[in-house]
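**Student:** The structure that follows is given in the form of structure tokens.
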Amino acid sequence: MANEQNSLILSTSPHIKSDESVRKIMLSVNITLVPAAAFSVYQFGLYTLLLYAVSIATCLVSEYVVVRLRKRTFTLNDGSALVTGILLVMVLPPRFPAYGVVLGAFVSIVIGKQIFGGLGNNIFNPALIGRAFLAATYPVHISQWILPRMSAAAVSGATPLAGMKFDGIVTPFSDLFFGTVSGSIGETSAILLILGSLYLLMKKYIKWRIPASIFVTVIVLGEIFHLINPAKFPGPVFHLFAGGLMIGALYMAADMVTSPITKKGCVIYGCAIGLLVIIIRLFGGLAEGVMYAILFMNAFVPLINRATKPRIFGTGVNHEY
Amino acid sequence: MKLFSFQGGVHPAYRKELSGQREIKEAGIPEQLVIPLSQHIGAPCEPGVAAGDRIKEGQVIGKTVSFVSAPVHSPVSGKVKKIEKSFHPLGQKVLSVIIQPDDEGARDYMKPLGKNASELDPKDILTRITDAGIVGMGGATFPAHVKFSPPKDKPIDTLIINGCECEPYLTADHRLMVEMPEYIISGAKMIGKVLDVKEIVIAVESNKPDAVEKLEKAGDERDILCVLTKTKYPQGAEKMLIKAVLNREVPSGGLPMDVGVVVSNVGTALAVCESVRDGKPLIERVVTVTGNGVKNPGNFFVKIGTPVKHLIEQAGGTAGNIGKCIMGGPMMGIAQASLDVPVIKGTSGILIMQEADYMQEGYLPCIKCSFCVQVCPVNLLPSKLSVIAEARRWDLADSYGVNDCIECGCCDYVCPGKRPIVQFIKTAKIKVREIKEREKK
Amino acid sequence: MADTKSGDINTGNKSFSEFIKGFWKENPVLVMLLGMCPTLAVTTSAINGLTMGLAVVFVMTGSSVIVSLVRNIVPKQVRIATFVVIIATFVTMVDLFLKAFLLDLSKALGPFIPLIVVNCIILGRAEAFASRNSVWLSLVDALGVSFGFTVTLVFLGGIREILGMRTFFGMSVLGEGFEPWVIMLLPPGAFITLGFMLGAKNLIDRKMKERKKY
Amino acid sequence: MGITILFVSLASMGGVGLILAVILAVADKKLAVKEDPRVEKALEMLPGANCGACGFAGCGAFASAIAAGKVSVDGCKPGGIDVARKLTELLGLDEAVSVSPTVARVFCSGGIKETVMDKVYNGIRTCISANLIGGEKACLYSCIGFGDCCEVCSFDAIHMDENGLPVVDLNKCTGCGECVKACPRNIIGLTGYDEVVHVYCRSFDKGPVAKKACKVGCIACKLCEKDDETGAVKVIDNLAVVDHEVNKAPVGSIRRCPTKVIRVSKPVSGYEDEFKEKIQLEAFEEKKAGTSK
Amino acid sequence: MEVILIFISAVLVNNFVLSYFLGICPFIGVSDRIESAVSMGFAVTFVLTLSAAITWLINRYILIALNVPFLEYVSYIIVIASLVQFVEMFIRKTSKTLYDALGIYLPLITTNCAILGLALFGALRDYSFIENIVFGIGAGIGFTLALVVMAGIREELDLADVPESLKGAAITLIIAGLLALAFMGFAGLISA
Amino acid sequence: MSTRVKMILILTLFASISGGVLSIVYLFSSPLIEANLLEELKKSIFLVVPNAKDYDEKVIDEITYFECRDESGSTVGIALPARGNGYQGVIKLMVGLTPDLSRITGIKVLEQIETPGLGGRIGEDSFQNQFKGVQTEPAVEYVKNREPEKDTEIQAITGATISSRSIVSIINKNIQMLKDAL
Ligand SMILES: Cc1cc2nc3c(=O)[nH]c(=O)nc-3n(C[C@H](O)[C@H](O)[C@H](O)COP(=O)(O)O)c2cc1C
Ligand SMILES: Cc1cc2nc3c(=O)[nH]c(=O)nc-3n(C[C@H](O)[C@H](O)[C@H](O)COP(=O)(O)O)c2cc1C
Ligand SMILES: Cc1cc2nc3c(=O)[nH]c(=O)nc-3n(C[C@H](O)[C@H](O)[C@H](O)COP(=O)(O)O)c2cc1C
Ligand SMILES: Cc1cc2nc3c(=O)[nH]c(=O)nc-3n(C[C@H](O)[C@H](O)[C@H](O)CO)c2cc1C
Ligand code: SF4
Ligand code: SF4
Ligand code: SF4
Ligand code: SF4
Ligand code: FES
């Protein structure tokens with residue numbers, strides 16, 4: 001056509017976009033995990049560094065291969081596989097065998113994520129699927145603990161929760177808070193996890209309602225049971241900072257892909273996770289229930305979303321004025 | 001002062017500084033004007049002239065054929081070159097009158113009715129609004145006289161004059177409020193008189209304090225209340241504005257009159273005032289020409305029918321390689337396929353973007369971050385709607401309220417996956433309507 | 001089903017095709033998704049799968065023959081009730097037989113032997129085929145389907161046994177270096193393995209179809 | 001002991017059986033509900049594509065309607081005449097059914113090679129979405145080329161060619177009309193298999209405009225109208241149309257069209273003979289071969 | 001207390017579908033839409049409860065009383081089959097809406113392992129009449145829970161880019177596996 | 001014959017035929033089955049009470065136990081069937097005791113569905129053999145991650161504390177019940 005300009009671009013409105021991107025979000029998550037990860041390498045030795053490397057490499061390779069096989073283009077460099085790789089290691093015991101990590105990372109990406117259609121489509125948290133799979137595959141390795149370099153306890157290698165559950169030992173709050181206890185690689189230092197997640201909360205990459213309602217539920221229920229039988233049940237502060245609750249609530253329950261999209265839904269989801277954590281910790285066969293609580297509730301997310309569809313503006317209200 | 005607001009919304013970079021302080025200038029008369037005979041919602045007009053006719057400024061060239069319609073007047077004196085289908089800013093081809101202007105300056109305005117609203121008969125005002133071809137200037141281009149004649153069972157108690165101008169980049173309404181506050185106030189009173197309302201409110205976003213100052217000075221606090229609203233897009237959307245100012249919710253699928261309100265743009269008020277006071281039909285409007293694709297962004301009085309190309313020249317010509325030409329603001333405006341399209345009654349701005357500014361490479365799957373859910377002012381689940389449309393499950397779209405979407409673009413703006421959510425929704429709306437029609441048959 | 005309708009195939013061929021279709025095209029587990037419970041529950045080892053499969057072969061052939069023998073005298077309203085009685089009788093026989101001669105296997109299969117009674121395959125076949133076809137065809141069909149079932153079970157049991165215990169039919173196949181995957185012996189392992197088996201079958205089918213096209 | 005057990009078993013099972021049988025018998029009598037057995041049979045006969053071409057929510061709904069005698073037996077387009085015959089038999093109707101098979105045809109010739117692309121489209125790559133803002137081609141009536149029509153066909157009968165235009169496999173097409181519904185620009189139409197001469201353009205633009213946008217569009221020159229000996233071809237609203245009621249091939253028009261936009265489409269296999277006779281295709285093809293050389 | 005434990009155990013810890021592998025066929029077949037999953041769940045719960053009661057009576061007053069244990073399977077199944085058939089006829093006659101919602105699932109239930117499995121487990125565990133009924137209700141609710149959750153997930157996945165070969169039953173089984181993994185967290189809940 | 005009569009006849013007929021056929025099969029197989037079960041019971045009893053050659057079944061307060069005798073006929077121990085909940089489900093045991101119930105002579109896990117490779121290891125001899133000679137007064141106990149020191153202690157399986165604990169508590173509970181009954 002006789003048009004002196006080059007061809008104009010056509011697209012529908014809006015014509016401007018915010019500067020958020022999936023890549024930016026995922027990279028932020030990775031960066032905020034660095035302090036806790038670095039601390040864990042210090043605490044549990046260089047072997048954990050190897051585990052991180054193996055896990056990340058496996059995740060990236062599996063992701064790449066599957067996406068290639070399926071002839072899809074996206075998700076190669078968005079950084080979500082990196083998050084999965086790091087988080088998987090953070091919830092494993094410090095001396096977990098490296099071949100197990102390879103299997104776990106592969107399962108995380110392939111069974112946890114790609115078979116559902118890849119980024120954004122998965123129902124369950126991929127890293128937790130990897131961990132749960134490993135727990136059932138190598139149940140012995142998954143319950144072998146060692147003492148960290150900076151350790152408050154003298155001998156026992158048991159985690160604070162196992163100590164509480166099987167031996168009635170309650171670890172002091174400060175140890176839990178700073179992470180000088182035994183436990184999974186990246187879960188021990190509550191303070192670093194909280195600091196890291198503050199940035200994500202600020203940027204709203206984490207829906208604050210989720211960790212908030214988990215914490216509130218755990219505190220309330222923990223307190224109730226503690227009041228009923230202080231000898232048998234530890235107090236709420238212990239529950240809050242022991243085990244994987246921090247990393248679980250802040251990073252894993254709050255994974256945007258696998259949590260509800262409605263505000264009310266987030267509260268329901270968080271409360272249910274809190275409830276399940278307490279039930280499993282106090283009455284179940286396992287010492288720690290965060291992982292299973294999150295996975296269990298992941299399955300309910302579609303139902304929760306459906307049940308908590310927000311009231312559309314201008315519907316269901318009285319229009320008298 | 002209290003800031004009124006609503007749930008959701010976004011804060012895009014406003015970029016109003018580009019043109020906000022530029023006084024409105026005359027854009028002059030282009031070589032040729034293309035005047036579509038359908039510039040409003042409703043039935044298109046029939047041509048009232050024939051090729052070769054000489055016409056005067058203000059003469060009717062498009063006659064209405066039904067109630068929901070608005071006549072079209074010639075913005076200049078000149079000669080009708082031809083009448084044929086021509087590109088319309090909305091994308092289709094529409095029957096248009098093409099006018100070759102001359103320098104005779106012959107005018108054919110209507111008889112002025114008077115200045116003071118309180119002395120006028122509401123019926124006369126309404127007739128004048130009808131004859132002047134006034135439509136909503138906020139973008140919806142709904143014929144004003146229809147909007148101002150609500151059915152008997154829907155009494156109107158409040159008139160809101162919408163001076164929010166929440167779209168980024170646009171400053172036309174802002175300049176109007178600063179430069180011609182008396183006209184706006186007087187126009188608002190006239191509309192108020194027609195509707196017989198108890199209260200008239202002018203709502204302005206908090207980033208335009210100078211406008212409020214001028215309006216307050218020009219008006220009288222007893223008749224007209226100026227309120228500040230939070231600077232947040234889409235504060236100017238009428239449903240949101242009514243919620244913010246009056247805390248009333250327009251029912252889904254309903255109109256502001258269902259809750260006793262009429263919302264009008266400041267430009268509409270101005271046009272009403274001019275038509276009543278001076279007898280001038282709607283042949284001219286204020287347009288912001290802006291964006292990094294023009295050298296000197298500014299605000300102009302523009303004759304309806306002026307091609308975009310002419311306006312770009314008035315704004316100092318293009319800067320860099322032009323990528324996109326948008327009629328309207330960046331959030332809701334329509335990208336144009338050529339620079340020959342004319343300004344119409346509803347055009348509030350022309351945004352020219354450089355090549356570097358627009359392109360987006362593909363989009364990702366929804367990661368359910370729920371950013372879009374947080375910002376949707378009408379509480380939809382845009383993520384769900386986009387995924388539904390992507391999977392072509394039109395049957396589900398309706399149950400997720402696709403037709404309640406006001407297409408404000410907030411969801412699309414915040415989406416980190418850069419998903420074209422609004423386009424998905426628009427597509428779904430079409431499909432849902434198609435399916436419903438088919439079912440009816 | 002279309003090919004069973006065409007009349008010009010002679011009986012010999014027809015019964016052969018009836019027989020083999022149970023292995024792939026109408027595999028009860030992978031295609032018809034029937035009899036899933038024992039498939040998942042008992043396949044912790046290949047031998048369990050085999051025993052279960054053979055039990056099903058017996059029950060299915062027996063009941064198919066009887067059902068098709070009596071199909072014409074049973075009124076529609078009591079068809080299901082009568083069929084389940086016939087099937088349950090055969091199942092009880094298998095159960096008693098196993099308890100008498102193969103106590104360990106009987107224990108390993110647990111309640112899934114009696115559950116053959118309600119296994120959808122048996123009833124599905126009785127309803128869909130035996131109640132409409134001649135004795136000979138019903139027999140062939142039952143054999144085909146139940147052997148297809150058995151093969152699938154042995155295959156699934158094999159995978160789970162190899163990965164979960166390093167053995168196949170009790171023989172060591174993977175070296176000491178391989179650490180067994182306990183999950184394979186647990187419910188999740190059963191579901192996931194069968195899921196991937198189904199996926200693989202679909203993939204092969206699709207690839208074959210594509211090849212046929214060109 | 002053995003005998004006792006035998007006896008007890010016989011009696012107890014017999015008793016249980018008897019009681020249940022009586023219950024069922026009574027229930028059968030008291031709770032009987034009549035249902036039309038033909039619904040199930042009709043369902044078996046239908047192709048089961050659930051395409052909705054019959055105007056019902058699926059094959060099942062159509063089967064019920066058929067059994068109830070609410071619709072005519074030839075409602076199922078994909079099933080075609082075979083199914084209609086079977087249904088007639090089932091319902092015991094002996095009226096002769098005549099179903100003329102229909103196929104979809106694509107009325108646009110402007111692919112990537114022929115049409116001017118004067119803008120860049122940046123958005124969802126489906127036709128319906130692109131149509132919101134006009135697509136990439138200069139002609140506003142052209143095929144957009146993102147293949148929505150191919151996506152919806154349940155019979156794998158329509159595919160995009162390398163020129164970016166959809167091509168219907170007439171032997172697979174059942175005339176269900178899904179593609180017609182999917183196309184936002186009304187480019188696809190359902191036509192009788194024996195209607196073989198069509199204008200492969202849908203542009204209502206005036207000649208010069210159309211010419212600028214596309215090399216192979218109808219430019220409304222009216223030469224076809226002039227050279228048409230049958231009276232079937234008319235130019236209406238800047239576009240030539242063929243009237244199929246006039247049961248003759250407008251060979252003159254076909255030859256005359258400067259942009260070759262009136263064409264004969266390929267025959268549906270199995271109908272070649274009938275078809276040749278009707279429009280003297282052979283004669284025409286020979287002539288065309290001669291002129292183009 | 002015992003009754004509560006039986007209930008929790010049947011719903012969560014030893015979920016019929018996810019850890020006992022009972023009723024898998026309908027679990028895969030009817031879990032594609034939430035509405036039908038809920039209906040099927042109700043129907044199964046109803047029949048499970050009813051047959052828990054009846055099979056307990058048969059066990060006590062025929063099999064044990066007459067000392068004919070080998071008739072267990074035959075007698076259970078004939079009663080269950082006839083019962084289901086009767087209920088179906090009854091619902092069909094009395095309420096069209098109920099039939100459309102529940103009735104069409106009933107024939108599926110006869111061939112569902114969960115029903116007979118319940119009868120056998122109940123007998124094996126020497127439950128009292130009340131306990132057996134609670135066990136039936138719990139098993140039914142557990143089944144419904146798994147079914148509805150699965151239906152929710154499958155409706156979601158309907159909109160997702162699941163690999164072609166895995167669509168349908170394959171992905172359903174894999175998800176069931178992942179659900180079973182998640183349910184493993186409840187193990188030990190009743191014993192500890 | 002009307003269908004309804006036919007219905008009734010057919011179902012009744014098939015049901016009784018089935019009853020008949022099964023009773024015959026049962027008559028033939030039941031001796032074998034009983035023998036099998038007896039054999040198994042004997043094996044487990046003789047395993048947990050080493051010197052036993054014969055036993056008497058006794059019932060006290062609904063508790064069944066087996067009093068074992070050697071060739072000479074003197075009581076050499078007691079075999080006590082016990083059951084309780086483990087990690088995944090029910091565990092059934094046979095516990096061998098000295099006649100005065102003060103020491104365990106051996107245990108045998110009869111039935112369990114614990115996790116293979118983990119809790120499932122309670123079925124392994126290395127675990128079961130630990131109980132030989134363990135004292136039951138005041139109660140059997142388990143220790144973790146270290147060698148047992150006292151006579152009442154056994155070592156729990158690593159990673160399967162719960163299963164190990166369950167065995168211990170099943171044993172304690174059942175012995176206590178027997179003691180109370182005697
Ligand atoms: C850790 C954290 C906790 C927060 N807690 C609350 C809170 O309890 N209540 C609240 O209204 N806002 C809270 N906020 C602020 C929210 O980020 C923000 O104001 C809120 O999400 C916006 O309101 P809306 O989500 O209801 O639209 C919190 C923010 C952070 C970072
Ligand atoms: C998302 C959205 C944003 C809008 N923003 C404005 C605005 O900033 N100013 C305005 O006058 N109208 C705006 N409108 C249009 C108003 O909703 C309403 O149509 C108009 O104020 C009515 O006045 P009119 O009939 O005089 O045009 C917006 C509409 C939508 C849907
Ligand atoms: C898949 C899986 C299976 C398990 N199976 C058993 C089991 O059979 N027996 C058991 O006592 N604990 C089992 N557990 C529980 C844990 O290993 C639990 O942490 C352990 O009982 C604690 O004991 P520890 O203090 O010796 O590590 C299992 C855990 C998982 C994840
Ligand atoms: C706040 C946040 C938390 C995340 N947590 C996890 C996680 O726990 N596990 C994981 O595999 N990926 C996590 N991701 C990454 C990503 O969402 C995940 O890989 C997707 O589930 C893949 O579709 C997280 C991402 C964000 C933004
Ligand atoms: S869904 Fe519609 S109303 Fe909601 S944010 Fe998106 S465009 Fe605006
Ligand atoms: S903003 Fe985009 S990625 Fe986030 S939930 Fe909405 S559609 Fe999905
Ligand atoms: S090409 Fe069109 S009309 Fe033909 S079968 Fe496909 S969708 Fe139906
Ligand atoms: S014919 Fe229509 S639907 Fe098909 S590709 Fe062209 S524009 Fe799209
Ligand atoms: S085999 Fe159990 S329900 Fe089908």
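So you can find residues: chains in the structure tokens are A, B, ... in the order shown, residues in each start at 1, and ligands are numbered from 1 in order.
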Neighbouring residues of ligand 7 are defined here as those with any atom at most 9 Å from a ligand atom, counting only C-alpha atoms and all ligand atoms; list them as a ChimeraX atom specification.
**Tutor:** /D:51,53,77-78,102-105,149-159,167-170,172-182,188-190
**Student:** Pick out the residues no farther than 8 Å from ligand 9, counting only C-alpha atoms and all ligand atoms, and list them as a list in words.
**Tutor:**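 Those within range of ligand 9 are Leu33, Leu34, Gly35, Met36, Cys37, Pro38, Thr39, Leu115, Ile116, Val118, Asn119, Cys120 and Ile121 of chain C; Phe21, Leu22, Gly23, Ile24, Cys25, Pro26, Phe27, Thr111, Asn112, Cys113 and Ala114 of chain E.
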**Student:** Using N, CA and C atoms, can you export the residues from the last selection as a tab-separated table (two decimals), in the first residue's frame?
**Tutor:**
chain	number	residue	atom	x	y	z
C	33	LEU	N	-9.88	-50.20	30.79
C	33	LEU	CA	-9.78	-49.69	32.16
C	33	LEU	C	-10.67	-50.45	33.11
C	34	LEU	N	-10.67	-51.76	32.96
C	34	LEU	CA	-11.48	-52.60	33.86
C	34	LEU	C	-10.54	-53.49	34.67
C	35	GLY	N	-11.04	-53.91	35.80
C	35	GLY	CA	-10.23	-54.77	36.65
C	35	GLY	C	-9.01	-54.06	37.18
C	36	MET	N	-9.17	-52.76	37.43
C	36	MET	CA	-8.02	-51.98	37.86
C	36	MET	C	-7.58	-52.34	39.27
C	37	CYS	N	-8.53	-52.71	40.12
C	37	CYS	CA	-8.17	-52.90	41.52
C	37	CYS	C	-7.14	-54.00	41.72
C	38	PRO	N	-7.42	-55.22	41.24
C	38	PRO	CA	-6.40	-56.25	41.43
C	38	PRO	C	-5.13	-55.90	40.67
C	39	THR	N	-5.29	-55.28	39.53
C	39	THR	CA	-4.12	-54.90	38.76
C	39	THR	C	-3.17	-54.10	39.62
C	115	LEU	N	-12.39	-60.63	45.41
C	115	LEU	CA	-12.85	-59.45	44.69
C	115	LEU	C	-12.93	-59.68	43.20
C	116	ILE	N	-12.38	-60.79	42.73
C	116	ILE	CA	-12.54	-61.09	41.31
C	116	ILE	C	-14.03	-61.10	40.97
C	118	VAL	N	-16.35	-59.20	41.64
C	118	VAL	CA	-16.92	-57.96	41.15
C	118	VAL	C	-16.02	-57.28	40.13
C	119	ASN	N	-14.89	-57.91	39.83
C	119	ASN	CA	-14.01	-57.26	38.88
C	119	ASN	C	-14.79	-56.94	37.65
C	120	CYS	N	-14.65	-55.70	37.33
C	120	CYS	CA	-15.43	-55.23	36.21
C	120	CYS	C	-15.18	-56.05	34.97
C	121	ILE	N	-13.97	-56.62	34.80
C	121	ILE	CA	-13.75	-57.36	33.56
C	121	ILE	C	-14.69	-58.54	33.45
E	21	PHE	N	-6.84	-49.75	47.19
E	21	PHE	CA	-7.12	-50.05	45.78
E	21	PHE	C	-8.49	-50.67	45.59
E	22	LEU	N	-9.49	-50.06	46.12
E	22	LEU	CA	-10.83	-50.59	45.91
E	22	LEU	C	-11.66	-49.54	45.18
E	23	GLY	N	-12.39	-49.98	44.20
E	23	GLY	CA	-13.24	-49.07	43.45
E	23	GLY	C	-12.47	-48.18	42.49
E	24	ILE	N	-11.38	-48.71	41.96
E	24	ILE	CA	-10.56	-47.89	41.07
E	24	ILE	C	-11.28	-47.61	39.75
E	25	CYS	N	-12.02	-48.60	39.25
E	25	CYS	CA	-12.63	-48.41	37.93
E	25	CYS	C	-13.57	-47.20	37.92
E	26	PRO	N	-14.53	-47.13	38.84
E	26	PRO	CA	-15.37	-45.92	38.83
E	26	PRO	C	-14.57	-44.68	39.20
E	27	PHE	N	-13.55	-44.85	40.00
E	27	PHE	CA	-12.72	-43.70	40.39
E	27	PHE	C	-12.10	-43.07	39.14
E	111	THR	N	-20.59	-53.58	40.17
E	111	THR	CA	-19.32	-54.18	39.76
E	111	THR	C	-18.16	-53.42	40.37
E	112	ASN	N	-18.38	-52.86	41.53
E	112	ASN	CA	-17.37	-52.02	42.15
E	112	ASN	C	-16.80	-52.76	43.34
E	113	CYS	N	-15.49	-52.93	43.31
E	113	CYS	CA	-14.85	-53.72	44.35
E	113	CYS	C	-15.10	-53.18	45.75
E	114	ALA	N	-15.30	-51.86	45.84
E	114	ALA	CA	-15.41	-51.26	47.16
E	114	ALA	C	-16.54	-51.92	47.96
**Student:** Could you state the separation of atom CA of Leu9 of chain F and atom CA of Gly14 of chain D in Å, given to one decimal place?
**Tutor:** 9.8 Å
**Student:** Chain A near chain D within 6 Å: what's each residue's closest atom pair and its distance in Å to one decimal, counting only C-alpha atoms, ordered by chain then ascending residue number, as CSV?
**Tutor:**
residue,atom,partner,partner_atom,distance
A:Ser7,CA,D:Lys119,CA,4.6
A:Leu8,CA,D:Lys119,CA,5.2
A:Ile9,CA,D:Val120,CA,4.6
A:Leu10,CA,D:Tyr121,CA,4.9
A:Ser11,CA,D:Asn122,CA,5.2
**Student:** Pull out every residue of chain A that has at least one atom within 8 Å of chain C, counting only C-alpha atoms, and report them as JSON, numbers by chain.
**Tutor:** {"A": [133, 136, 137, 138, 139]}
**Student:** Those same residues - C-alpha atoms - I'd like them written as a short mmCIF file (atom, residue, chain, number, x, y, z; two decimals), in the first residue's frame.
**Tutor:**
data_model
loop_
_atom_site.label_atom_id
_atom_site.label_comp_id
_atom_site.auth_asym_id
_atom_site.auth_seq_id
_atom_site.Cartn_x
_atom_site.Cartn_y
_atom_site.Cartn_z
CA PHE A 133 8.79 -39.52 46.17
CA ALA A 136 8.84 -43.28 49.89
CA THR A 137 11.68 -44.54 47.74
CA TYR A 138 14.53 -44.28 50.22
CA PRO A 139 12.73 -44.14 53.56
#
**Student:** Give me, as a PyMOL selection string, the set of residues whose atoms come within 9 Å of any atom of ligand 4, counting only C-alpha atoms and all ligand atoms.
**Tutor:** (chain A and resi 22+25-30+79-88+108-109+112-114+116-130+197+200-201+204-207+247-248+250-258) or (chain B and resi 367-369)
**Student:** Quick one: residues within 7 Å of segment 52-56 of chain F, only C-alpha atoms, excluding same-chain residues fewer than 4 positions away - as a ChimeraX atom specification?
**Tutor:** /F:46,66-71,76
**Student:** Could you give me, as a Markdown table, a per-residue list for chain A showing, wherever an atom lies at most 7 Å from an atom of chain E, the closest pair of atoms and their distance in Å to one decimal, using only C-alpha atoms and sorting by chain then residue number from low to high?
**Tutor:**
| residue | atom | partner | partner_atom | distance |
| --- | --- | --- | --- | --- |
| A:Ile115 | CA | E:Val162 | CA | 6.1 |
| A:Phe116 | CA | E:Val162 | CA | 5.0 |
| A:Gly117 | CA | E:Val162 | CA | 4.4 |
| A:Asn121 | CA | E:Ala160 | CA | 6.0 |
| A:Ala132 | CA | E:Leu181 | CA | 6.6 |
| A:Ile280 | CA | E:Phe186 | CA | 6.7 |
| A:Phe283 | CA | E:Leu189 | CA | 5.7 |
| A:Gly284 | CA | E:Leu189 | CA | 3.9 |
| A:Gly285 | CA | E:Gly188 | CA | 3.9 |
| A:Gly289 | CA | E:Gly185 | CA | 6.5 |
| A:Tyr292 | CA | E:Gly185 | CA | 5.1 |
| A:Leu295 | CA | E:Ala182 | CA | 5.5 |
| A:Phe296 | CA | E:Ala182 | CA | 5.2 |
| A:Ala299 | CA | E:Val149 | CA | 6.4 |
| A:Phe300 | CA | E:Val149 | CA | 6.1 |
| A:Pro302 | CA | E:Gly152 | CA | 5.4 |
| A:Leu303 | CA | E:Gly152 | CA | 5.5 |
**Student:** For chain E, report every residue with an atom at most 7 Å from chain D (counting only C-alpha atoms), formatted as an NGL selection string.
**Tutor:** :E and (68 or 82 or 86 or 89-90 or 93)
**Student:** Using N, CA, C and O atoms, can you export the residues from the last selection as a compact mmCIF listing (two decimals), in the first residue's frame?
**Tutor:**
# COMPACT_ATOMS: atom_id res chain seq x y z
N VAL E 68 -21.63 -72.06 57.39
CA VAL E 68 -21.31 -72.26 55.97
C VAL E 68 -20.43 -71.11 55.47
O VAL E 68 -20.83 -70.36 54.60
N SER E 82 -28.67 -57.67 43.93
CA SER E 82 -30.12 -57.50 43.88
C SER E 82 -30.54 -56.20 44.54
O SER E 82 -31.42 -55.49 44.07
N PHE E 86 -32.58 -53.23 42.93
CA PHE E 86 -33.85 -52.80 43.50
C PHE E 86 -33.84 -51.30 43.76
O PHE E 86 -34.79 -50.60 43.40
N MET E 89 -34.28 -49.39 40.59
CA MET E 89 -35.66 -49.38 40.12
C MET E 89 -36.50 -48.43 40.94
O MET E 89 -37.32 -47.68 40.42
N PHE E 90 -36.25 -48.48 42.25
CA PHE E 90 -37.05 -47.67 43.15
C PHE E 90 -36.86 -46.20 42.87
O PHE E 90 -37.82 -45.44 42.72
N LYS E 93 -38.37 -44.99 39.67
CA LYS E 93 -39.81 -44.83 39.71
C LYS E 93 -40.20 -43.58 40.49
O LYS E 93 -41.13 -42.86 40.11
**Student:** Neighbours of ligand 5 at 7 Å or closer, counting only C-alpha atoms and all ligand atoms: which residues, as a list in words?
**Tutor:**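 Going residue by residue within 7 Å of ligand 5, we get Cys372, Val375, Cys376, Pro377, Val378, Asn379, Leu380, Leu381, Pro382, Cys405, Ile406, Glu407, Cys408, Gly409, Cys410, Cys411, Asp412, Ile421 and Val422 of chain B.
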**Student:** From a DSSP pass on the backbone, collect the residues of segment 121-368 of chain B flagged as strand (DSSP E) and hand them back as a ChimeraX atom specification.
**Tutor:** /B:158-163,199-205,224-229,261-265,284-290,298-303,322-327,334-335,349-354
**Student:** Would you please work out which residue, of E:Val134, E:Ile78, E:Ile28, E:Leu118, is nearest to chain F when using only C-alpha atoms?
**Tutor:**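 Closest to chain F, using only C-alpha atoms: E:Ile78.
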**Student:** Could you work out how far atom CA of Pro35 of chain A lies from atom CA of Asn77 of chain A, giving the answer in Å with one decimal?
**Tutor:**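 Here the two named atoms are 22.7 Å from each other.
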**Student:** Please, which residues have at least one atom within 9 Å of an atom of ligand 3, using only C-alpha atoms and all ligand atoms, listed as an MDAnalysis selection string?
**Tutor:** (chainID A and resid 132:140 142:145 158:159 162:163 165:166 285:288) or (chainID C and resid 182:183 186) or (chainID E and resid 181 184:185 187:188) or (chainID F and resid 86:88 113:122 144:145 156:166)
